[in-house]
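Structure file input-v2.pdb; described as PDB, C-alpha atoms.
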ATOM      1  CA  MET M  21     -51.715-173.138 -12.304
ATOM      2  CA  GLU M  22     -48.653-171.301 -13.583
ATOM      3  CA  ALA M  23     -49.123-168.644 -10.899
ATOM      4  CA  GLY M  24     -49.319-171.324  -8.230
ATOM      5  CA  LYS M  25     -46.063-172.919  -9.391
ATOM      6  CA  ALA M  26     -44.317-169.573  -9.387
ATOM      7  CA  GLY M  27     -45.540-168.860  -5.870
ATOM      8  CA  ARG M  28     -44.282-172.203  -4.559
ATOM      9  CA  ALA M  29     -40.921-171.657  -6.249
ATOM     10  CA  GLY M  30     -40.640-168.233  -4.626
ATOM     11  CA  VAL M  31     -41.338-169.649  -1.172
ATOM     12  CA  ALA M  32     -38.770-172.410  -1.716
ATOM     13  CA  LEU M  33     -36.131-169.916  -2.838
ATOM     14  CA  ALA M  34     -36.768-167.692   0.167
ATOM     15  CA  ALA M  35     -36.481-170.665   2.510
ATOM     16  CA  MET M  36     -33.201-171.712   0.869
ATOM     17  CA  VAL M  37     -31.748-168.200   1.274
ATOM     18  CA  LEU M  38     -32.746-168.136   4.930
ATOM     19  CA  ALA M  39     -31.199-171.548   5.515
ATOM     20  CA  VAL M  40     -27.907-170.537   3.909
ATOM     21  CA  ALA M  41     -27.830-167.283   5.857
ATOM     22  CA  ALA M  42     -28.479-169.089   9.133
ATOM     23  CA  SER M  43     -25.681-171.574   8.507
ATOM     24  CA  MET M  44     -23.085-168.871   7.785
ATOM     25  CA  PRO M  45     -20.849-167.705  10.628
ATOM     26  CA  LEU M  46     -21.415-164.090  11.728
ATOM     27  CA  ALA M  47     -18.952-161.851   9.934
ATOM     28  CA  ALA M  48     -18.447-158.142   9.382
ATOM     29  CA  GLY M  49     -16.030-155.806   7.730
ATOM     30  CA  ALA M  50     -13.561-153.520   9.404
ATOM     31  CA  ARG M  51     -15.002-151.499  12.254
ATOM     32  CA  ASP M  52     -13.889-148.159  13.543
ATOM     33  CA  THR M  53     -14.704-147.778  17.223
ATOM     34  CA  ASP M  54     -13.301-144.293  17.663
ATOM     35  CA  THR M  55     -15.884-142.044  19.281
ATOM     36  CA  ALA M  56     -15.313-138.367  20.109
ATOM     37  CA  GLY M  57     -12.479-136.376  21.615
ATOM     38  CA  PHE M  58      -9.788-133.762  21.152
ATOM     39  CA  ALA M  59      -6.026-133.627  21.476
ATOM     40  CA  PHE M  60      -3.487-130.822  21.583
ATOM     41  CA  GLN M  61      -0.908-130.842  18.786
ATOM     42  CA  PRO M  62       2.411-129.568  20.200
ATOM     43  CA  ARG M  63       4.054-129.244  16.799
ATOM     44  CA  ASP M  64       1.897-126.289  15.750
ATOM     45  CA  GLY M  65      -0.155-125.415  18.822
ATOM     46  CA  SER M  66      -3.412-126.447  17.194
ATOM     47  CA  THR M  67      -5.930-128.827  18.655
ATOM     48  CA  PHE M  68      -7.351-131.755  16.766
ATOM     49  CA  MET M  69     -10.979-132.580  17.491
ATOM     50  CA  TRP M  70     -12.894-135.496  16.077
ATOM     51  CA  GLY M  71     -16.131-137.357  16.346
ATOM     52  CA  SER M  72     -17.799-140.413  14.876
ATOM     53  CA  LEU M  73     -21.434-139.589  15.192
ATOM     54  CA  GLY M  74     -22.712-143.150  15.437
ATOM     55  CA  ALA M  75     -20.047-144.380  17.846
ATOM     56  CA  ALA M  76     -20.392-141.316  20.075
ATOM     57  CA  ARG M  77     -24.140-141.780  20.184
ATOM     58  CA  ASN M  78     -23.761-145.484  21.025
ATOM     59  CA  SER M  79     -21.084-145.001  23.674
ATOM     60  CA  ALA M  80     -21.798-146.438  27.113
ATOM     61  CA  ASN M  81     -21.385-143.077  28.822
ATOM     62  CA  THR M  82     -23.747-140.161  28.419
ATOM     63  CA  PHE M  83     -21.018-137.556  27.927
ATOM     64  CA  GLU M  84     -19.634-138.109  24.469
ATOM     65  CA  ARG M  85     -21.040-136.029  21.707
ATOM     66  CA  PHE M  86     -20.020-134.074  18.668
ATOM     67  CA  GLN M  87     -22.056-131.367  17.038
ATOM     68  CA  CYS M  88     -21.733-128.733  14.377
ATOM     69  CA  SER M  89     -24.182-126.072  13.354
ATOM     70  CA  VAL M  90     -24.237-123.842  10.304
ATOM     71  CA  SER M  91     -26.051-120.514  10.584
ATOM     72  CA  ARG M  92     -26.431-117.807   8.007
ATOM     73  CA  TYR M  93     -27.320-114.227   8.821
ATOM     74  CA  GLN M  94     -28.194-111.373   6.513
ATOM     75  CA  ALA M  95     -25.075-109.257   7.072
ATOM     76  CA  SER M  96     -26.052-106.560   4.598
ATOM     77  CA  THR M  97     -28.271-106.003   1.607
ATOM     78  CA  LEU M  98     -25.974-108.002  -0.659
ATOM     79  CA  SER M  99     -24.190-110.447   1.610
ATOM     80  CA  THR M 100     -24.716-113.030   4.293
ATOM     81  CA  LEU M 101     -22.583-113.976   7.264
ATOM     82  CA  THR M 102     -22.009-117.709   7.649
ATOM     83  CA  ILE M 103     -21.167-118.998  11.100
ATOM     84  CA  VAL M 104     -20.113-122.584  11.701
ATOM     85  CA  SER M 105     -19.899-123.655  15.316
ATOM     86  CA  CYS M 106     -18.619-127.094  16.326
ATOM     87  CA  SER M 107     -18.095-128.650  19.725
ATOM     88  CA  VAL M 108     -17.049-131.981  21.146
ATOM     89  CA  ARG M 109     -17.299-133.568  24.574
ATOM     90  CA  ASN M 110     -15.137-136.567  25.375
ATOM     91  CA  ALA M 111     -15.723-139.519  27.682
ATOM     92  CA  ARG M 112     -14.305-137.571  30.626
ATOM     93  CA  GLY M 113     -16.879-134.813  30.127
ATOM     94  CA  GLU M 114     -14.298-132.298  28.836
ATOM     95  CA  SER M 115     -15.424-129.950  26.084
ATOM     96  CA  PHE M 116     -13.713-128.212  23.207
ATOM     97  CA  SER M 117     -15.238-125.892  20.629
ATOM     98  CA  CYS M 118     -14.400-123.879  17.558
ATOM     99  CA  PHE M 119     -16.112-121.589  15.108
ATOM    100  CA  THR M 120     -15.506-120.136  11.669
ATOM    101  CA  THR M 121     -17.172-117.823   9.197
ATOM    102  CA  SER M 122     -15.693-119.700   6.246
ATOM    103  CA  GLU M 123     -18.308-120.521   3.639
ATOM    104  CA  SER M 124     -16.117-123.306   2.216
ATOM    105  CA  PHE M 125     -15.930-124.889   5.666
ATOM    106  CA  ALA M 126     -19.715-124.802   5.866
ATOM    107  CA  GLU M 127     -19.953-126.417   2.448
ATOM    108  CA  ALA M 128     -17.592-129.210   3.524
ATOM    109  CA  LEU M 129     -19.975-130.086   6.344
ATOM    110  CA  THR M 130     -22.714-130.887   3.868
ATOM    111  CA  ALA M 131     -20.842-134.117   3.100
ATOM    112  CA  LEU M 132     -21.318-135.274   6.687
ATOM    113  CA  ARG M 133     -23.938-137.978   6.937
ATOM    114  CA  ASN M 134     -25.867-139.204   9.923
ATOM    115  CA  ASP M 135     -23.240-141.778  10.902
ATOM    116  CA  GLY M 136     -20.163-140.112   9.454
ATOM    117  CA  ASN M 137     -16.893-139.071  11.004
ATOM    118  CA  ILE M 138     -15.543-135.543  11.165
ATOM    119  CA  GLU M 139     -12.125-134.266  12.103
ATOM    120  CA  ILE M 140     -11.242-130.597  12.599
ATOM    121  CA  SER M 141      -7.994-128.830  13.372
ATOM    122  CA  VAL M 142      -8.508-125.785  15.591
ATOM    123  CA  THR M 143      -6.184-122.808  15.930
ATOM    124  CA  PRO M 144      -5.168-121.558  19.390
ATOM    125  CA  ASP M 145      -7.701-118.738  18.841
ATOM    126  CA  GLY M 146     -10.549-121.249  18.622
ATOM    127  CA  ILE M 147     -10.994-121.005  14.853
ATOM    128  CA  CYS M 148     -12.041-124.167  12.999
ATOM    129  CA  GLN M 149      -9.295-124.311  10.388
ATOM    130  CA  ASN M 150      -9.240-127.537   8.393
ATOM    131  CA  THR M 151     -11.737-130.323   8.290
ATOM    132  CA  GLU M 152     -12.091-133.791   6.925
ATOM    133  CA  VAL M 153     -15.419-135.513   6.616
ATOM    134  CA  VAL M 154     -15.469-139.286   6.237
ATOM    135  CA  VAL M 155     -18.275-141.592   5.275
ATOM    136  CA  ALA M 156     -17.202-145.244   5.544
ATOM    137  CA  SER M 157     -18.641-148.685   6.081
ATOM    138  CA  SER M 158     -16.341-149.138   9.064
ATOM    139  CA  LEU M 159     -18.143-146.432  10.998
ATOM    140  CA  ALA M 160     -20.801-147.433  13.499
ATOM    141  CA  ARG M 161     -24.423-146.691  12.905
ATOM    142  CA  LYS M 162     -26.502-145.132  15.601
ATOM    143  CA  ASP M 163     -28.420-147.827  17.475
ATOM    144  CA  SER M 164     -31.228-145.478  18.346
TER
ATOM    145  CA  MET B  11      -3.394-112.631   7.030
ATOM    146  CA  ALA B  12      -2.575-113.668   3.508
ATOM    147  CA  SER B  13      -5.970-115.201   3.132
ATOM    148  CA  ARG B  14      -7.507-111.758   3.375
ATOM    149  CA  ASN B  15      -5.424-110.054   0.741
ATOM    150  CA  TRP B  16      -8.503-109.876  -1.455
ATOM    151  CA  LEU B  17     -10.195-107.483   0.923
ATOM    152  CA  MET B  18      -8.552-104.266  -0.194
ATOM    153  CA  PRO B  19      -8.852-104.913  -3.936
ATOM    154  CA  ALA B  20     -12.455-105.939  -3.368
ATOM    155  CA  ALA B  21     -13.178-102.843  -1.318
ATOM    156  CA  THR B  22     -11.422-100.620  -3.836
ATOM    157  CA  GLY B  23     -13.254-102.207  -6.729
ATOM    158  CA  PHE B  24     -16.559-101.911  -4.979
ATOM    159  CA  ALA B  25     -15.935 -98.282  -4.075
ATOM    160  CA  GLY B  26     -14.963 -97.601  -7.702
ATOM    161  CA  LEU B  27     -18.120 -99.224  -8.898
ATOM    162  CA  VAL B  28     -20.225 -97.093  -6.613
ATOM    163  CA  ALA B  29     -18.279 -93.945  -7.524
ATOM    164  CA  GLY B  30     -18.828 -94.693 -11.201
ATOM    165  CA  PHE B  31     -22.491 -95.163 -10.595
ATOM    166  CA  LEU B  32     -22.741 -91.885  -8.730
ATOM    167  CA  ILE B  33     -20.718 -89.962 -11.327
ATOM    168  CA  GLY B  34     -22.848 -91.442 -14.051
ATOM    169  CA  ASP B  35     -25.911 -90.337 -12.156
ATOM    170  CA  ARG B  36     -24.540 -86.789 -11.828
ATOM    171  CA  ALA B  37     -23.637 -86.715 -15.526
ATOM    172  CA  GLY B  38     -27.297 -86.989 -16.277
ATOM    173  CA  GLU B  39     -28.103 -83.845 -14.300
ATOM    174  CA  PRO B  40     -28.466 -80.464 -16.028
ATOM    175  CA  GLN B  41     -25.250 -78.418 -16.233
ATOM    176  CA  SER B  42     -24.982 -74.654 -16.171
ATOM    177  CA  THR B  43     -22.794 -72.766 -18.626
ATOM    178  CA  GLY B  44     -21.857 -70.412 -15.836
ATOM    179  CA  VAL B  45     -22.805 -67.146 -17.543
ATOM    180  CA  ALA B  46     -23.489 -64.744 -14.708
ATOM    181  CA  GLY B  47     -26.984 -63.413 -14.506
ATOM    182  CA  SER B  48     -28.405 -65.526 -17.295
ATOM    183  CA  PRO B  49     -27.833 -69.167 -16.613
ATOM    184  CA  VAL B  50     -28.340 -71.388 -19.616
ATOM    185  CA  VAL B  51     -29.123 -74.964 -18.884
ATOM    186  CA  VAL B  52     -27.697 -77.501 -21.290
ATOM    187  CA  TYR B  53     -28.346 -81.205 -21.175
ATOM    188  CA  PRO B  54     -25.490 -83.398 -22.307
ATOM    189  CA  GLY B  55     -25.840 -84.911 -25.745
ATOM    190  CA  THR B  56     -28.761 -84.425 -28.055
ATOM    191  CA  ALA B  57     -32.099 -86.087 -28.208
ATOM    192  CA  SER B  58     -30.859 -88.387 -30.946
ATOM    193  CA  THR B  59     -27.642 -89.527 -29.248
ATOM    194  CA  ALA B  60     -28.353 -89.520 -25.564
ATOM    195  CA  ALA B  61     -31.367 -90.439 -23.574
ATOM    196  CA  GLN B  62     -32.706 -87.942 -21.119
ATOM    197  CA  PRO B  63     -32.040 -88.840 -17.536
ATOM    198  CA  SER B  64     -34.842 -90.951 -16.208
ATOM    199  CA  ALA B  65     -36.057 -91.056 -12.653
ATOM    200  CA  SER B  66     -33.962 -93.682 -10.814
ATOM    201  CA  PRO B  67     -35.784 -95.905  -8.342
ATOM    202  CA  VAL B  68     -32.626 -95.835  -6.148
ATOM    203  CA  THR B  69     -31.947 -92.713  -4.136
ATOM    204  CA  LEU B  70     -28.528 -91.482  -3.089
ATOM    205  CA  ASP B  71     -29.385 -92.146   0.528
ATOM    206  CA  GLU B  72     -30.227 -95.729  -0.307
ATOM    207  CA  LEU B  73     -26.970 -96.096  -2.221
ATOM    208  CA  ARG B  74     -24.993 -94.697   0.690
ATOM    209  CA  ARG B  75     -26.731 -97.114   3.026
ATOM    210  CA  VAL B  76     -25.863-100.081   0.797
ATOM    211  CA  VAL B  77     -22.227 -98.973   0.542
ATOM    212  CA  ARG B  78     -22.001 -98.625   4.316
ATOM    213  CA  GLU B  79     -23.513-102.069   4.778
ATOM    214  CA  GLU B  80     -21.234-103.723   2.256
ATOM    215  CA  LEU B  81     -18.107-102.147   3.680
ATOM    216  CA  ALA B  82     -19.182-103.194   7.154
ATOM    217  CA  ALA B  83     -19.703-106.739   5.949
ATOM    218  CA  LEU B  84     -16.341-107.046   4.181
ATOM    219  CA  PRO B  85     -14.199-108.245   7.119
ATOM    220  CA  ALA B  86     -16.351-111.316   7.643
ATOM    221  CA  SER B  87     -14.012-113.704   5.826
ATOM    222  CA  GLY B  88     -13.045-116.402   8.278
ATOM    223  CA  ALA B  89     -10.909-115.488  11.203
ATOM    224  CA  PRO B  90     -11.636-112.648  13.574
ATOM    225  CA  ARG B  91      -9.936-109.406  12.758
ATOM    226  CA  SER B  92      -6.460-108.972  14.150
ATOM    227  CA  GLY B  93      -6.288-105.223  13.717
ATOM    228  CA  GLY B  94      -4.478-105.460  10.404
ATOM    229  CA  SER B  95      -4.336-102.407   8.183
ATOM    230  CA  ASP B  96      -6.360-104.124   5.463
ATOM    231  CA  ALA B  97      -9.477-104.323   7.595
ATOM    232  CA  VAL B  98     -12.199-101.879   6.657
ATOM    233  CA  GLU B  99     -13.808-100.775   9.889
ATOM    234  CA  ILE B 100     -17.244 -99.229  10.110
ATOM    235  CA  ALA B 101     -18.333 -98.189  13.551
ATOM    236  CA  PRO B 102     -21.272-100.236  14.817
ATOM    237  CA  SER B 103     -24.504 -98.467  15.577
ATOM    238  CA  PRO B 104     -25.489 -97.580  19.155
ATOM    239  CA  GLU B 105     -28.065-100.376  19.014
ATOM    240  CA  GLN B 106     -25.397-102.869  17.975
ATOM    241  CA  ASN B 107     -23.097-101.664  20.743
ATOM    242  CA  LEU B 108     -25.891-102.095  23.254
ATOM    243  CA  ALA B 109     -26.571-105.619  21.991
ATOM    244  CA  ALA B 110     -22.855-106.451  22.192
ATOM    245  CA  ASP B 111     -22.705-105.164  25.770
ATOM    246  CA  GLN B 112     -25.683-107.295  26.727
ATOM    247  CA  ALA B 113     -24.205-110.335  24.957
ATOM    248  CA  ARG B 114     -20.963-109.878  26.891
ATOM    249  CA  ALA B 115     -22.996-109.646  30.089
ATOM    250  CA  VAL B 116     -24.705-112.960  29.296
ATOM    251  CA  LEU B 117     -21.316-114.568  28.724
ATOM    252  CA  GLY B 118     -19.937-112.982  31.886
ATOM    253  CA  SER B 119     -22.805-114.349  33.932
ATOM    254  CA  ALA B 120     -22.242-117.829  32.491
ATOM    255  CA  LEU B 121     -18.515-117.579  33.217
ATOM    256  CA  SER B 122     -19.217-116.746  36.837
ATOM    257  CA  ARG B 123     -21.273-119.941  37.053
ATOM    258  CA  ARG B 124     -18.798-121.809  34.819
ATOM    259  CA  SER B 125     -21.773-123.172  32.882
ATOM    260  CA  TRP B 126     -23.435-122.355  29.581
ATOM    261  CA  THR B 127     -27.076-123.434  29.657
ATOM    262  CA  ASP B 128     -30.108-123.330  27.388
ATOM    263  CA  ALA B 129     -31.297-120.309  29.369
ATOM    264  CA  ASP B 130     -28.070-118.492  28.488
ATOM    265  CA  ARG B 131     -28.592-119.375  24.859
ATOM    266  CA  GLU B 132     -32.103-117.954  24.943
ATOM    267  CA  ALA B 133     -30.875-114.795  26.632
ATOM    268  CA  LEU B 134     -28.174-114.376  24.004
ATOM    269  CA  ALA B 135     -30.315-115.024  20.921
ATOM    270  CA  PRO B 136     -31.854-111.539  20.443
ATOM    271  CA  GLN B 137     -28.551-109.809  21.216
ATOM    272  CA  PHE B 138     -26.641-112.082  18.858
ATOM    273  CA  ALA B 139     -29.073-111.354  16.056
ATOM    274  CA  ALA B 140     -28.735-107.603  16.620
ATOM    275  CA  MET B 141     -24.923-107.462  16.698
ATOM    276  CA  SER B 142     -22.733-106.621  13.735
ATOM    277  CA  SER B 143     -20.780-109.377  11.985
ATOM    278  CA  ALA B 144     -17.563-108.333  13.703
ATOM    279  CA  GLN B 145     -19.226-108.256  17.093
ATOM    280  CA  ARG B 146     -20.618-111.737  16.523
ATOM    281  CA  THR B 147     -17.237-113.195  15.669
ATOM    282  CA  ASP B 148     -15.634-111.398  18.607
ATOM    283  CA  TRP B 149     -18.240-112.867  20.940
ATOM    284  CA  LEU B 150     -17.821-116.347  19.487
ATOM    285  CA  GLN B 151     -14.085-116.168  19.965
ATOM    286  CA  GLN B 152     -14.519-115.241  23.629
ATOM    287  CA  TYR B 153     -16.923-118.134  24.044
ATOM    288  CA  ALA B 154     -14.658-120.651  22.291
ATOM    289  CA  LEU B 155     -11.595-119.588  24.267
ATOM    290  CA  ALA B 156     -13.514-119.850  27.538
ATOM    291  CA  VAL B 157     -14.668-123.369  26.682
ATOM    292  CA  ASN B 158     -11.264-124.468  25.418
ATOM    293  CA  GLN B 159      -9.509-123.107  28.500
ATOM    294  CA  GLY B 160     -11.918-124.930  30.802
ATOM    295  CA  ARG B 161     -13.460-121.716  32.159
ATOM    296  CA  LEU B 162     -16.877-122.512  30.711
ATOM    297  CA  VAL B 163     -18.680-125.844  30.459
ATOM    298  CA  PRO B 164     -21.383-126.140  27.787
ATOM    299  CA  ASP B 165     -24.344-127.687  29.593
ATOM    300  CA  SER B 166     -26.548-127.453  26.538
ATOM    301  CA  GLU B 167     -26.944-129.814  23.629
ATOM    302  CA  LEU B 168     -27.485-126.878  21.314
ATOM    303  CA  PRO B 169     -25.110-124.425  19.629
ATOM    304  CA  PRO B 170     -24.251-121.453  21.849
ATOM    305  CA  PHE B 171     -26.276-118.900  19.880
TER
END
Conversion result in structure tokens:
Amino acid sequence: MEAGKAGRAGVALAAMVLAVAASMPLAAGARDTDTAGFAFQPRDGSTFMWGSLGAARNSANTFERFQCSVSRYQASTLSTLTIVSCSVRNARGESFSCFTTSESFAEALTALRNDGNIEISVTPDGICQNTEVVVASSLARKDS
Amino acid sequence: MASRNWLMPAATGFAGLVAGFLIGDRAGEPQSTGVAGSPVVVYPGTASTAAQPSASPVTLDELRRVVREELAALPASGAPRSGGSDAVEIAPSPEQNLAADQARAVLGSALSRRSWTDADREALAPQFAAMSSAQRTDWLQQYALAVNQGRLVPDSELPPF
């Protein structure tokens, strides 16, 4: 009997939660709709490239994307060569890319999550110089 | 290139380490007293104070190979070399030069089509793996500049190499 009472109470509680949820207006926190792109920085000649992985994936067009890869090669008996390669394609289908052999840059990328945001400053020589990886609730999740 | 100031001290330190190792190895070899006609071989130390030299599993040739490899790998710090005096240059092997030539040819072909495809990536892969570290970064810089100047359009969803 006690088990039956507990079961009925659980069902009632679940129904109450559903009712309250249904009566609440739809609400959400801040949303960042920035997707992927790049922009020249006249002050120092660098180029700023960025991408929000979820938003770029969800964009209406099929162009936008941002990708980075980290590869490690056996450079010698005692050392490895790390190569990070990143590229972005904006809504107009224009591409920009950079690379670096910086191990610390590669380590920074490990903070990037599936729906994170990444920003990179690129030297005129095409070297990925500085990066910032952001994980935030305002960033869009991939729909599929 | 302030970020690469560590290269020379590192190279010097590494060379010193290797030199010390080699000298230490030589110190264990028998030495002649130099008396003409009747060479007397004397081992350093005595049995009670110094161990006899033991057979090392590492040969001099192997050591030289490791030193060459490490010096060749030193410039791989971040940015491509700019010809600065602190760069330690080791000439790439003929095989690496051949791979670099073929990798440049793959890039040249893609530039003529203004498109980098998955087929280009597959053609590059074995050459890229065979190139030296410096040749890889040189190639990547050419690729990045071509893309960033609009001379090459990546038509692949994968990294270029």
Name the residues that the ChimeraX specification (/B :<10) & /M picks from the file above, as an mmCIF file with C-alpha atoms, keeping the file's coordinate frame, using the file's chain letters and numbers.
data_model
loop_
_atom_site.group_PDB
_atom_site.id
_atom_site.type_symbol
_atom_site.label_atom_id
_atom_site.label_comp_id
_atom_site.auth_asym_id
_atom_site.auth_seq_id
_atom_site.Cartn_x
_atom_site.Cartn_y
_atom_site.Cartn_z
ATOM 1 C CA THR M 67 -5.930 -128.827 18.655
ATOM 2 C CA ARG M 85 -21.040 -136.029 21.707
ATOM 3 C CA PHE M 86 -20.020 -134.074 18.668
ATOM 4 C CA GLN M 87 -22.056 -131.367 17.038
ATOM 5 C CA CYS M 88 -21.733 -128.733 14.377
ATOM 6 C CA SER M 89 -24.182 -126.072 13.354
ATOM 7 C CA VAL M 90 -24.237 -123.842 10.304
ATOM 8 C CA SER M 91 -26.051 -120.514 10.584
ATOM 9 C CA TYR M 93 -27.320 -114.227 8.821
ATOM 10 C CA GLN M 94 -28.194 -111.373 6.513
ATOM 11 C CA ALA M 95 -25.075 -109.257 7.072
ATOM 12 C CA SER M 96 -26.052 -106.560 4.598
ATOM 13 C CA THR M 97 -28.271 -106.003 1.607
ATOM 14 C CA LEU M 98 -25.974 -108.002 -0.659
ATOM 15 C CA SER M 99 -24.190 -110.447 1.610
ATOM 16 C CA THR M 100 -24.716 -113.030 4.293
ATOM 17 C CA LEU M 101 -22.583 -113.976 7.264
ATOM 18 C CA THR M 102 -22.009 -117.709 7.649
ATOM 19 C CA ILE M 103 -21.167 -118.998 11.100
ATOM 20 C CA VAL M 104 -20.113 -122.584 11.701
ATOM 21 C CA SER M 105 -19.899 -123.655 15.316
ATOM 22 C CA CYS M 106 -18.619 -127.094 16.326
ATOM 23 C CA SER M 107 -18.095 -128.650 19.725
ATOM 24 C CA VAL M 108 -17.049 -131.981 21.146
ATOM 25 C CA ARG M 109 -17.299 -133.568 24.574
ATOM 26 C CA GLY M 113 -16.879 -134.813 30.127
ATOM 27 C CA GLU M 114 -14.298 -132.298 28.836
ATOM 28 C CA SER M 115 -15.424 -129.950 26.084
ATOM 29 C CA PHE M 116 -13.713 -128.212 23.207
ATOM 30 C CA SER M 117 -15.238 -125.892 20.629
ATOM 31 C CA CYS M 118 -14.400 -123.879 17.558
ATOM 32 C CA PHE M 119 -16.112 -121.589 15.108
ATOM 33 C CA THR M 120 -15.506 -120.136 11.669
ATOM 34 C CA THR M 121 -17.172 -117.823 9.197
ATOM 35 C CA SER M 122 -15.693 -119.700 6.246
ATOM 36 C CA GLU M 123 -18.308 -120.521 3.639
ATOM 37 C CA SER M 124 -16.117 -123.306 2.216
ATOM 38 C CA PHE M 125 -15.930 -124.889 5.666
ATOM 39 C CA THR M 143 -6.184 -122.808 15.930
ATOM 40 C CA PRO M 144 -5.168 -121.558 19.390
ATOM 41 C CA ASP M 145 -7.701 -118.738 18.841
ATOM 42 C CA GLY M 146 -10.549 -121.249 18.622
ATOM 43 C CA ILE M 147 -10.994 -121.005 14.853
ATOM 44 C CA CYS M 148 -12.041 -124.167 12.999
ATOM 45 C CA GLN M 149 -9.295 -124.311 10.388
#
To one decimal place, how far is atom CA of M:Gly74 from atom CA of M:Asn137 in Å?
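Atom CA of M:Gly74 sits 8.4 Å away from atom CA of M:Asn137.
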For M:Asn150, the closest of M:Ala128, M:Arg92, M:Asn78, M:Asn134 counting only C-alpha atoms is M:Ala128
Going by the chain IDs and residue numbers used in this file, which residues fall under the PyMOL selection byres ((chain B and resi 111) around 12)? Write them as number ranges by chain. B: 104-110, 112-118, 134, 137-138, 140-141, 145-146, 148-149
Atom pair atom CA of B:Arg161 + atom CA of B:Ser125, distance 8.5 Å
Taking (-14.7, -137.6, 17.6) as a centre in this file's frame and 6 Å as the limit, can you find every polymer residue with an atom that close, using all atoms listed in the file, and give them as a count of residues only?
6
In Å to one decimal, how far is atom CA of M:Glu139 from atom CA of M:Ser158?
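For atom CA of M:Ser158 relative to atom CA of M:Glu139, the distance reads 15.8 Å.
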